[in-house]
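Dumped data_5.cif below, it's mmCIF, C-alpha atoms:
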data_run
#
loop_
_atom_site.label_atom_id
_atom_site.label_comp_id
_atom_site.auth_asym_id
_atom_site.auth_seq_id
_atom_site.Cartn_x
_atom_site.Cartn_y
_atom_site.Cartn_z
CA MET A 1 0.00 0.00 0.00
CA PRO A 2 1.64 3.27 -1.04
CA ALA A 3 2.11 5.80 1.71
CA PRO A 4 -0.78 8.28 1.60
CA SER A 5 -0.01 11.95 1.26
CA LEU A 6 -1.80 15.25 1.47
CA THR A 7 -1.18 18.16 -0.88
CA VAL A 8 -1.75 21.55 0.70
CA PRO A 9 -1.58 25.02 -0.85
CA VAL A 10 1.78 26.73 -0.62
CA GLY A 11 1.51 29.93 1.37
CA ALA A 12 1.13 31.43 4.80
CA PRO A 13 -1.89 29.35 5.94
CA ALA A 14 -0.13 26.10 5.12
CA ARG A 15 3.06 27.16 6.88
CA GLU A 16 1.08 28.29 9.94
CA MET A 17 -0.76 24.97 10.02
CA ALA A 18 2.48 23.02 9.87
CA THR A 19 3.99 25.11 12.64
CA THR A 20 0.96 24.64 14.89
CA SER A 21 0.69 20.90 14.38
CA ALA A 22 4.36 20.01 14.51
CA GLY A 23 6.69 22.64 15.87
CA SER A 24 4.73 23.70 18.95
CA THR A 25 2.73 20.60 19.79
CA GLY A 26 4.80 19.62 22.80
CA ARG A 27 4.96 22.94 24.63
CA GLY A 28 2.76 23.34 27.66
CA ILE A 29 1.76 19.67 27.87
CA GLY A 30 4.26 18.62 30.56
CA PRO A 31 2.73 20.75 33.36
CA VAL A 32 -0.73 19.41 32.53
CA VAL A 33 0.52 15.83 32.82
CA VAL A 34 2.18 16.62 36.17
CA VAL A 35 -1.03 18.15 37.50
CA ALA A 36 -3.01 15.15 36.31
CA ALA A 37 -0.60 12.72 37.95
CA LEU A 38 -0.71 14.59 41.26
CA PHE A 39 -4.50 14.79 41.18
CA VAL A 40 -4.91 11.09 40.40
CA GLY A 41 -2.39 10.16 43.08
CA LEU A 42 -4.13 12.24 45.75
CA VAL A 43 -7.59 10.91 44.89
CA ALA A 44 -6.40 7.31 44.77
CA PHE A 45 -4.47 7.66 48.04
CA GLY A 46 -7.42 9.27 49.76
CA TRP A 47 -9.81 6.62 48.50
CA TYR A 48 -7.82 3.40 48.83
CA GLY A 49 -5.82 4.59 51.83
CA GLN A 50 -8.92 4.81 54.00
CA SER A 51 -9.08 2.29 56.83
CA ALA A 52 -12.66 1.37 55.86
CA ALA A 53 -13.89 -1.92 57.24
CA VAL A 54 -14.56 -4.76 54.86
CA PRO A 55 -18.31 -4.64 54.14
CA SER A 56 -20.51 -7.25 55.71
CA GLU A 57 -22.11 -10.02 53.65
CA SER A 58 -25.48 -8.25 53.59
CA GLU A 59 -23.90 -4.98 52.44
CA ALA A 60 -21.86 -6.57 49.67
CA ASP A 61 -24.30 -9.15 48.32
CA GLY A 62 -25.95 -6.77 45.87
CA HIS A 63 -22.62 -5.99 44.20
CA ARG A 64 -21.14 -9.47 44.07
CA LEU A 65 -20.55 -9.97 40.36
CA SER A 66 -17.58 -12.24 41.00
CA THR A 67 -16.61 -14.94 43.46
CA LEU A 68 -12.97 -13.84 43.41
CA TYR A 69 -13.13 -11.67 46.54
CA ASP A 70 -15.97 -13.42 48.30
CA PRO A 71 -15.46 -12.30 50.99
CA PRO A 72 -12.71 -9.69 50.50
CA ASP A 73 -9.64 -9.88 52.72
CA ARG A 74 -8.37 -6.35 52.14
CA PRO A 75 -10.01 -2.93 51.80
CA VAL A 76 -8.79 -2.66 48.20
CA GLU A 77 -10.64 -5.87 47.37
CA ALA A 78 -13.78 -4.51 49.01
CA ALA A 79 -13.43 -1.36 46.90
CA LEU A 80 -13.22 -3.44 43.73
CA ASN A 81 -16.31 -5.37 44.83
CA ALA A 82 -18.32 -2.14 44.87
CA ARG A 83 -18.36 -1.93 41.05
CA ASP A 84 -17.04 -3.76 37.98
CA GLY A 85 -13.46 -3.78 39.26
CA GLN A 86 -13.99 -7.28 40.66
CA VAL A 87 -14.73 -8.56 37.13
CA PHE A 88 -11.56 -7.04 35.69
CA ALA A 89 -9.67 -8.56 38.60
CA ALA A 90 -11.17 -11.97 37.78
CA LEU A 91 -9.80 -11.72 34.24
CA ALA A 92 -6.46 -10.42 35.49
CA VAL A 93 -5.97 -13.51 37.67
CA ASP A 94 -7.38 -15.80 34.98
CA PRO A 95 -6.52 -14.19 31.60
CA THR A 96 -7.33 -17.31 29.56
CA ILE A 97 -10.70 -17.85 31.35
CA ARG A 98 -9.95 -21.34 32.58
CA ARG A 99 -12.23 -20.58 35.55
CA PRO A 100 -15.35 -18.94 34.12
CA GLU A 101 -17.11 -19.59 37.42
CA LEU A 102 -15.24 -16.60 38.85
CA VAL A 103 -18.02 -14.48 37.31
CA ARG A 104 -21.54 -15.03 38.61
CA GLY A 105 -24.67 -15.19 36.47
CA GLY A 106 -24.09 -17.97 33.97
CA SER A 107 -22.32 -18.20 30.64
CA GLY A 108 -24.07 -15.19 29.08
CA GLU A 109 -22.98 -12.95 31.94
CA VAL A 110 -19.44 -14.34 31.82
CA ALA A 111 -19.22 -13.50 28.12
CA TYR A 112 -20.77 -10.06 28.70
CA ARG A 113 -18.33 -9.16 31.47
CA HIS A 114 -15.24 -10.54 29.72
CA GLN A 115 -15.96 -8.94 26.33
CA ARG A 116 -13.81 -6.00 27.56
CA PRO A 117 -10.47 -7.72 28.15
CA LEU A 118 -7.94 -4.91 27.73
CA LEU A 119 -7.89 -3.67 31.33
CA GLY A 120 -7.84 -7.17 32.80
CA TRP A 121 -5.01 -8.28 30.55
CA THR A 122 -3.04 -5.10 31.30
CA GLY A 123 -3.55 -5.68 35.03
CA TRP A 124 -2.28 -9.22 34.63
CA LEU A 125 0.86 -7.98 32.83
CA VAL A 126 1.57 -5.28 35.41
CA SER A 127 1.06 -7.73 38.27
CA GLY A 128 3.54 -10.15 36.73
CA GLY A 129 0.90 -12.86 37.00
CA ASP A 130 0.76 -12.61 40.80
CA PRO A 131 -2.88 -12.72 41.97
CA GLU A 132 -1.99 -10.89 45.19
CA ARG A 133 -0.77 -7.91 43.22
CA VAL A 134 -3.73 -7.76 40.85
CA PRO A 135 -5.93 -5.32 42.85
CA TRP A 136 -3.21 -2.70 43.15
CA SER A 137 -2.07 -3.32 39.57
CA LEU A 138 -5.56 -2.46 38.36
CA VAL A 139 -5.65 0.65 40.54
CA VAL A 140 -2.33 1.80 39.09
CA VAL A 141 -3.31 1.05 35.50
CA SER A 142 -6.66 2.83 35.83
CA GLY A 143 -5.03 5.87 37.42
CA LEU A 144 -2.31 6.09 34.79
CA SER A 145 -4.99 5.72 32.11
CA VAL A 146 -6.67 8.89 33.38
CA VAL A 147 -3.30 10.67 33.19
CA ALA A 148 -2.82 9.35 29.64
CA MET A 149 -6.30 10.53 28.68
CA VAL A 150 -5.55 14.05 29.93
CA ALA A 151 -2.20 14.01 28.14
CA ALA A 152 -3.85 12.96 24.88
CA GLY A 153 -6.44 15.69 25.30
CA ALA A 154 -3.69 18.25 25.94
CA VAL A 155 -1.90 17.19 22.75
CA ALA A 156 -5.11 17.54 20.77
CA LEU A 157 -5.85 20.97 22.22
CA ARG A 158 -2.31 22.12 21.54
CA ARG A 159 -2.52 20.96 17.94
CA LEU A 160 -5.71 22.98 17.56
CA GLY A 161 -4.01 26.05 18.98
CA ALA A 162 -5.90 26.00 22.30
CA PRO A 163 -4.27 26.04 25.77
CA PRO A 164 -3.35 22.46 26.78
CA ALA A 165 -4.27 23.38 30.37
CA LEU A 166 -7.94 23.04 29.40
CA ALA A 167 -7.41 19.28 29.39
CA ALA A 168 -7.20 19.40 33.20
CA LEU A 169 -11.00 19.84 33.17
CA LEU A 170 -11.24 16.18 32.17
CA LEU A 171 -10.00 15.16 35.62
CA VAL A 172 -13.23 16.14 37.37
CA LEU A 173 -15.61 14.37 35.00
CA PRO A 174 -17.65 11.66 36.77
CA GLY A 175 -16.25 8.99 34.48
CA SER A 176 -12.67 9.95 35.32
CA LEU A 177 -13.34 9.88 39.06
CA ALA A 178 -15.13 6.53 38.72
CA ASP A 179 -12.15 5.00 36.94
CA ILE A 180 -9.79 6.25 39.64
CA THR A 181 -11.88 5.07 42.58
CA PHE A 182 -13.57 1.94 41.25
CA VAL A 183 -11.28 0.86 38.35
CA GLY A 184 -12.47 0.86 34.75
CA PRO A 185 -11.29 0.83 31.11
CA GLU A 186 -12.99 4.01 29.93
CA ALA A 187 -10.10 6.46 30.44
CA MET A 188 -7.72 4.06 28.72
CA GLY A 189 -10.15 3.78 25.84
CA CYS A 190 -10.55 7.57 25.63
CA ALA A 191 -6.80 8.05 25.45
CA LEU A 192 -6.68 5.55 22.58
CA LEU A 193 -9.61 7.22 20.79
CA VAL A 194 -8.03 10.66 20.95
CA ALA A 195 -4.69 9.26 19.80
CA GLY A 196 -6.48 7.49 16.96
CA VAL A 197 -8.32 10.59 15.76
CA LEU A 198 -5.12 12.65 16.00
CA ALA A 199 -3.26 10.11 13.88
CA TRP A 200 -6.13 9.81 11.40
CA THR A 201 -6.36 13.59 10.89
CA ARG A 202 -2.68 14.41 10.53
CA PRO A 203 -2.18 17.13 7.91
CA SER A 204 0.14 14.85 5.94
CA PRO A 205 -0.91 11.29 6.85
CA SER A 206 1.69 8.57 6.36
CA ARG A 207 1.31 4.81 6.37
CA ARG A 208 2.61 4.80 9.94
CA SER A 209 0.04 7.33 11.16
CA ILE A 210 -2.80 5.47 9.47
CA LEU A 211 -1.72 2.17 11.03
CA LEU A 212 -1.37 3.89 14.40
CA ALA A 213 -4.93 5.22 14.13
CA LEU A 214 -6.33 1.82 13.20
CA ALA A 215 -4.42 0.08 16.01
CA ALA A 216 -5.60 2.66 18.55
CA PHE A 217 -9.24 2.24 17.50
CA GLY A 218 -8.95 -1.55 17.58
CA LEU A 219 -7.45 -1.56 21.07
CA ALA A 220 -10.10 0.89 22.28
CA GLY A 221 -12.75 -1.59 21.16
CA LEU A 222 -11.12 -4.28 23.28
CA GLY A 223 -11.26 -1.88 26.21
CA ARG A 224 -14.98 -1.25 25.84
CA GLU A 225 -17.11 -2.28 22.88
CA THR A 226 -19.12 0.96 22.92
CA LEU A 227 -15.97 2.88 21.94
CA LEU A 228 -16.23 1.33 18.48
CA VAL A 229 -19.00 3.80 17.70
CA VAL A 230 -16.27 6.36 16.93
CA PRO A 231 -14.45 4.50 14.12
CA ALA A 232 -17.85 3.32 12.88
CA ALA A 233 -19.05 6.93 12.63
CA LEU A 234 -15.81 8.01 10.97
CA ALA A 235 -16.22 5.17 8.47
CA LEU A 236 -19.72 6.41 7.67
CA HIS A 237 -18.34 9.93 7.33
CA GLU A 238 -15.77 8.71 4.79
CA LEU A 239 -18.40 6.64 2.95
CA VAL A 240 -20.69 9.64 2.56
CA ARG A 241 -17.77 11.53 1.04
CA GLY A 242 -17.22 8.68 -1.42
CA ARG A 243 -13.91 7.55 0.08
CA LEU A 244 -14.17 3.78 -0.03
CA ARG A 245 -10.64 2.85 0.98
CA PRO A 246 -10.63 4.80 4.28
CA THR A 247 -14.12 3.42 4.96
CA ALA A 248 -12.86 -0.15 4.59
CA LEU A 249 -9.81 0.52 6.77
CA LEU A 250 -11.91 1.98 9.56
CA ALA A 251 -14.35 -0.93 9.38
CA VAL A 252 -11.48 -3.33 10.03
CA THR A 253 -10.94 -1.79 13.48
CA ALA A 254 -13.89 -3.84 14.76
CA ALA A 255 -12.09 -7.08 13.86
CA PRO A 256 -10.17 -7.52 17.17
CA TYR A 257 -13.37 -7.20 19.19
CA VAL A 258 -15.32 -9.53 16.90
CA ALA A 259 -12.51 -12.08 17.02
CA TRP A 260 -12.41 -11.92 20.82
CA VAL A 261 -16.17 -12.39 21.10
CA MET A 262 -15.84 -15.47 18.89
CA VAL A 263 -13.13 -16.80 21.20
CA LEU A 264 -15.37 -16.14 24.21
CA ARG A 265 -18.18 -18.01 22.50
CA ALA A 266 -15.89 -21.00 22.07
CA ILE A 267 -14.67 -20.83 25.68
CA VAL A 268 -17.88 -20.21 27.64
CA GLY A 269 -20.47 -21.37 25.12
CA SER A 270 -22.48 -18.14 24.94
CA TRP A 271 -22.63 -14.72 23.36
CA PRO A 272 -22.26 -11.62 25.60
CA VAL A 273 -25.90 -11.10 26.56
CA GLY A 274 -25.70 -10.21 30.28
CA THR A 275 -28.40 -10.62 32.91
CA VAL A 276 -29.42 -7.00 33.60
CA SER A 277 -32.40 -5.99 31.47
CA GLY A 278 -33.19 -2.49 30.25
CA ARG A 279 -29.65 -1.37 29.45
CA LEU A 280 -30.80 -0.18 26.03
CA ARG A 281 -33.99 1.60 24.96
CA VAL A 282 -35.57 2.16 21.55
CA ILE A 283 -37.07 5.55 22.44
CA PRO A 284 -34.27 8.15 22.47
CA PHE A 285 -33.31 9.35 25.95
CA ALA A 286 -36.23 7.51 27.57
CA GLY A 287 -33.79 6.02 30.07
CA LEU A 288 -32.50 9.48 30.99
CA VAL A 289 -36.03 10.77 31.62
CA GLU A 290 -36.90 7.79 33.79
CA ALA A 291 -33.72 8.03 35.88
CA ALA A 292 -33.60 11.82 36.23
CA ALA A 293 -36.62 11.88 38.54
CA SER A 294 -34.56 10.22 41.29
CA TRP A 295 -31.31 12.14 40.87
CA PRO A 296 -30.18 14.25 43.83
CA PRO A 297 -28.81 17.72 43.00
CA GLY A 298 -25.22 16.49 42.89
CA GLU A 299 -26.06 13.87 40.29
CA VAL A 300 -27.94 16.43 38.19
CA LEU A 301 -24.83 18.61 38.12
CA ALA A 302 -22.43 15.75 37.40
CA ILE A 303 -24.46 14.04 34.68
CA GLY A 304 -25.84 17.25 33.23
CA GLY A 305 -22.37 18.77 32.95
CA THR A 306 -21.03 15.70 31.16
CA VAL A 307 -23.88 15.67 28.65
CA ALA A 308 -23.66 19.44 28.17
CA LEU A 309 -19.97 19.25 27.26
CA ALA A 310 -20.68 16.67 24.56
CA VAL A 311 -23.68 18.60 23.21
CA ALA A 312 -21.67 21.84 23.12
CA GLY A 313 -18.90 20.15 21.18
CA LEU A 314 -21.36 18.81 18.63
CA ALA A 315 -23.36 22.02 18.29
CA LEU A 316 -20.55 24.58 18.34
CA GLY A 317 -17.53 22.72 16.99
CA ARG A 318 -16.30 23.40 13.45
CA ASP A 319 -14.09 20.41 12.70
CA PRO A 320 -16.27 17.73 11.04
CA VAL A 321 -14.17 14.77 12.17
CA TRP A 322 -14.25 15.62 15.88
CA ARG A 323 -17.95 16.50 15.64
CA VAL A 324 -18.73 13.16 14.02
CA ALA A 325 -16.91 11.39 16.85
CA VAL A 326 -18.92 13.33 19.45
CA GLY A 327 -22.19 12.76 17.62
CA ALA A 328 -21.64 9.01 17.62
CA ASN A 329 -21.38 9.04 21.40
CA LEU A 330 -24.53 11.14 21.77
CA VAL A 331 -26.43 8.63 19.63
CA LEU A 332 -25.20 5.92 21.99
CA ALA A 333 -26.27 8.00 24.99
CA ALA A 334 -29.74 8.35 23.53
CA ALA A 335 -30.10 4.56 23.48
CA LEU A 336 -29.04 3.97 27.10
CA GLY A 337 -31.65 2.61 29.49
CA GLU A 338 -32.60 3.66 33.00
CA PRO A 339 -30.20 1.23 34.78
CA VAL A 340 -27.26 2.95 33.07
CA TRP A 341 -28.48 6.50 33.76
CA ALA A 342 -29.24 5.78 37.42
CA ARG A 343 -25.90 6.98 38.86
CA SER A 344 -23.18 9.32 37.65
CA ALA A 345 -20.56 6.72 38.58
CA ASP A 346 -22.15 4.39 36.02
CA VAL A 347 -23.37 6.59 33.19
CA GLY A 348 -20.38 8.91 33.60
CA ARG A 349 -18.11 6.11 32.44
CA VAL A 350 -20.18 5.47 29.32
CA LEU A 351 -20.41 9.20 28.57
CA LEU A 352 -16.74 9.89 29.23
CA PRO A 353 -15.67 9.57 25.57
CA GLY A 354 -18.39 11.98 24.47
CA ALA A 355 -17.30 14.57 27.03
CA VAL A 356 -13.59 14.22 26.21
CA LEU A 357 -14.18 14.45 22.47
CA GLY A 358 -16.72 17.21 23.08
CA LEU A 359 -14.15 19.43 24.77
CA ILE A 360 -11.75 18.97 21.87
CA ALA A 361 -14.47 19.60 19.29
CA LEU A 362 -15.63 22.68 21.18
CA VAL A 363 -12.32 24.51 20.86
CA THR A 364 -12.52 24.22 17.07
CA ARG A 365 -15.30 26.80 17.28
CA TRP A 366 -12.55 29.36 17.75
CA ARG A 367 -9.49 27.38 16.71
CA PRO A 368 -10.18 25.55 13.41
CA SER A 369 -8.03 22.46 13.15
CA PRO A 370 -5.87 21.27 10.25
CA GLY A 371 -8.49 18.55 9.79
CA ALA A 372 -11.22 21.14 9.25
CA GLU A 373 -9.11 23.02 6.71
CA ARG A 374 -8.32 19.75 4.98
CA ASP A 375 -12.00 18.87 4.63
CA ASP A 376 -12.78 22.34 3.28
CA ARG A 377 -10.06 21.91 0.64
CA ALA A 378 -11.40 18.48 -0.25
CA ASP A 379 -14.42 20.15 -1.82
CA ASP A 380 -12.19 22.29 -4.05
CA PRO A 381 -11.47 20.39 -7.30
CA SER A 382 -8.36 22.50 -7.88
CA VAL A 383 -6.62 21.02 -4.85
CA ALA A 384 -5.43 17.41 -4.78
CA VAL A 385 -6.33 15.82 -1.45
CA PRO A 386 -5.78 12.04 -1.45
CA ALA A 387 -7.91 10.20 1.10
CA PRO A 388 -6.20 8.74 4.21
CA GLY A 389 -4.89 5.24 3.58
#

What is this file in structure tokens?
Amino acid sequence: MPAPSLTVPVGAPAREMATTSAGSTGRGIGPVVVVAALFVGLVAFGWYGQSAAVPSESEADGHRLSTLYDPPDRPVEAALNARDGQVFAALAVDPTIRRPELVRGGSGEVAYRHQRPLLGWTGWLVSGGDPERVPWSLVVVSGLSVVAMVAAGAVALRRLGAPPALAALLLVLPGSLADITFVGPEAMGCALLVAGVLAWTRPSPSRRSILLALAAFGLAGLGRETLLVVPAALALHELVRGRLRPTALLAVTAAPYVAWVMVLRAIVGSWPVGTVSGRLRVIPFAGLVEAAASWPPGEVLAIGGTVALAVAGLALGRDPVWRVAVGANLVLAAALGEPVWARSADVGRVLLPGAVLGLIALVTRWRPSPGAERDDRADDPSVAVPAPG
């Protein structure tokens, strides 16, 4: 496959674009990363360093998705039992799923919980295969993922000409806090999504950048299947523009997830169906309306702020690629059911990509990106703009 290229007009705008995207991309990002690392460290220390008693059987029964820490022996295990962290720990201690009984609920639930293997596998690698180290390995990986997400956001903002410090706002999103305190793959997936879009929209895409984008999108799908809505939306965007080769390349990013689901089917004998009903709704935002009636004021602020950031990015952004990515996440949000919208710690994780991408898209309202200029030129027949890939 010949290396793709992009022809841009020779002149001041092109030189300015090159300077913004290459020469100054790194400045101002280091302090943001340091702030993110300090924030994550303080929150994690304050949360996991508490001398909270291990919950009683009656208190923990409703959250027991796994038999791994049943009962927990350490406070960190009890913290993982409070949410999905216990399921990622089960995969981290059993990465080849030789003991599917570690997840409760039958084969469909096992497949549903293990369809997101990236965090569990990463925890297994960091722990060196030692089950005793798995809980803290997951805590470290989730915390560093939040730092990586902020760093990726800062790089994107810098490329667009906006202050990288704005990326620090991502630290206080409900999904970020949930990943720090309860462990989750969403921040890791967001970092991969942003890296993928950055690579896909380089002013002069090379074979390496295209492969990097595809790999990032594929890995994000292994982190959480809902993240695949972004490359799917970008593929549709390319298809509408008549670019068949980029469309096919983006479609391939779903292959790792599909292959893993097939492997799960062979191992546990079921597709990932889960046991909790009502996660998805046909009527747009019906789940939000049903759940909002029981939200306390704090939840209204947390969930409303997350949704508002995504909506603002879609409505006010100027770069079509970032807006398409945000729009895909809002379509997903519209289909979520009441059980997902019930708490900010839950829905905030699902909405995290939309908020992160929304912030980046929003700054293009005032700082048009090279990607936006590229798409504008694509409509000019006098300018040669080969499609990515």

Quick one: apply the PyMOL selection byres ((chain A and resi 167) around 6) to the file and drop the selected residues here as a ChimeraX atom specification.
/A:150,153-154,164-166,168-170

Which is closer to Val289 (chain A) than all the others in A:Glu338, A:Asp94, A:Asp179, A:Asp73, using only C-alpha atoms?
A:Glu338

Can you list, as a VMD selection string, the residues that the PyMOL selection byres ((chain A and resi 350) around 9) selects here?
chain A and resid 175 186 226 to 227 329 332 to 333 340 346 to 349 351 to 354

If the PyMOL selection byres ((chain A and resi 284) around 6) is run on the structure shown, which residues does it catch, given as a count of residues only?
5

Ala111 (chain A) environment, 10 Å, all atoms listed in the file, sequence neighbours closer than 6 positions dropped, as JSON, numbers by chain
{"A": [100, 103, 261, 263, 264, 265, 267, 268, 269, 270, 271, 272, 273, 274]}

Fewer than 5 positions away in the same chain doesn't count, so skip those; otherwise give me all residues within 6 Å of Ala191 (chain A), counting only C-alpha atoms, as number ranges by chain.
A: 148-149, 152

How far is it from CA of Leu239 (chain A) to CA of Arg208 (chain A), in Å with one decimal?
22.2 Å

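Between CA of Ile97 (chain A) and CA of Arg133 (chain A) the interatomic distance comes to 18.4 Å.
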
Find the residues around Gly327 (chain A) up to 12 Å (only C-alpha atoms counted), leave out those fewer than 2 positions away in its own chain, and share them as a PyMOL selection string.
chain A and resi 229-234+237+307+309-317+320-325+329-334+351+353-355+357-358+361

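Reported to one decimal place, the separation of CA of Leu214 (chain A) from CA of Ala195 (chain A) is 10.1 Å.
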
Identify, on the basis of only C-alpha atoms, every residue whose closest approach to Thr181 (chain A) does not exceed 8 Å; exclude the query and any residue fewer than 5 positions from it along the same chain; express the result as a PyMOL selection string.
chain A and resi 43-44+47-48+79+139

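Minimum atom-to-atom distances from A:Trp121, A:Trp136, A:Phe182, A:Phe45 to Asn81 (chain A) were compared using all atoms listed in the file, and the lowest value belongs to A:Phe182.
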
Just checking: using all atoms listed in the file, which residue out of A:Ala220, A:Ala308, A:Ile29, A:Leu138 ends up closest to Leu157 (chain A)?
A:Ile29
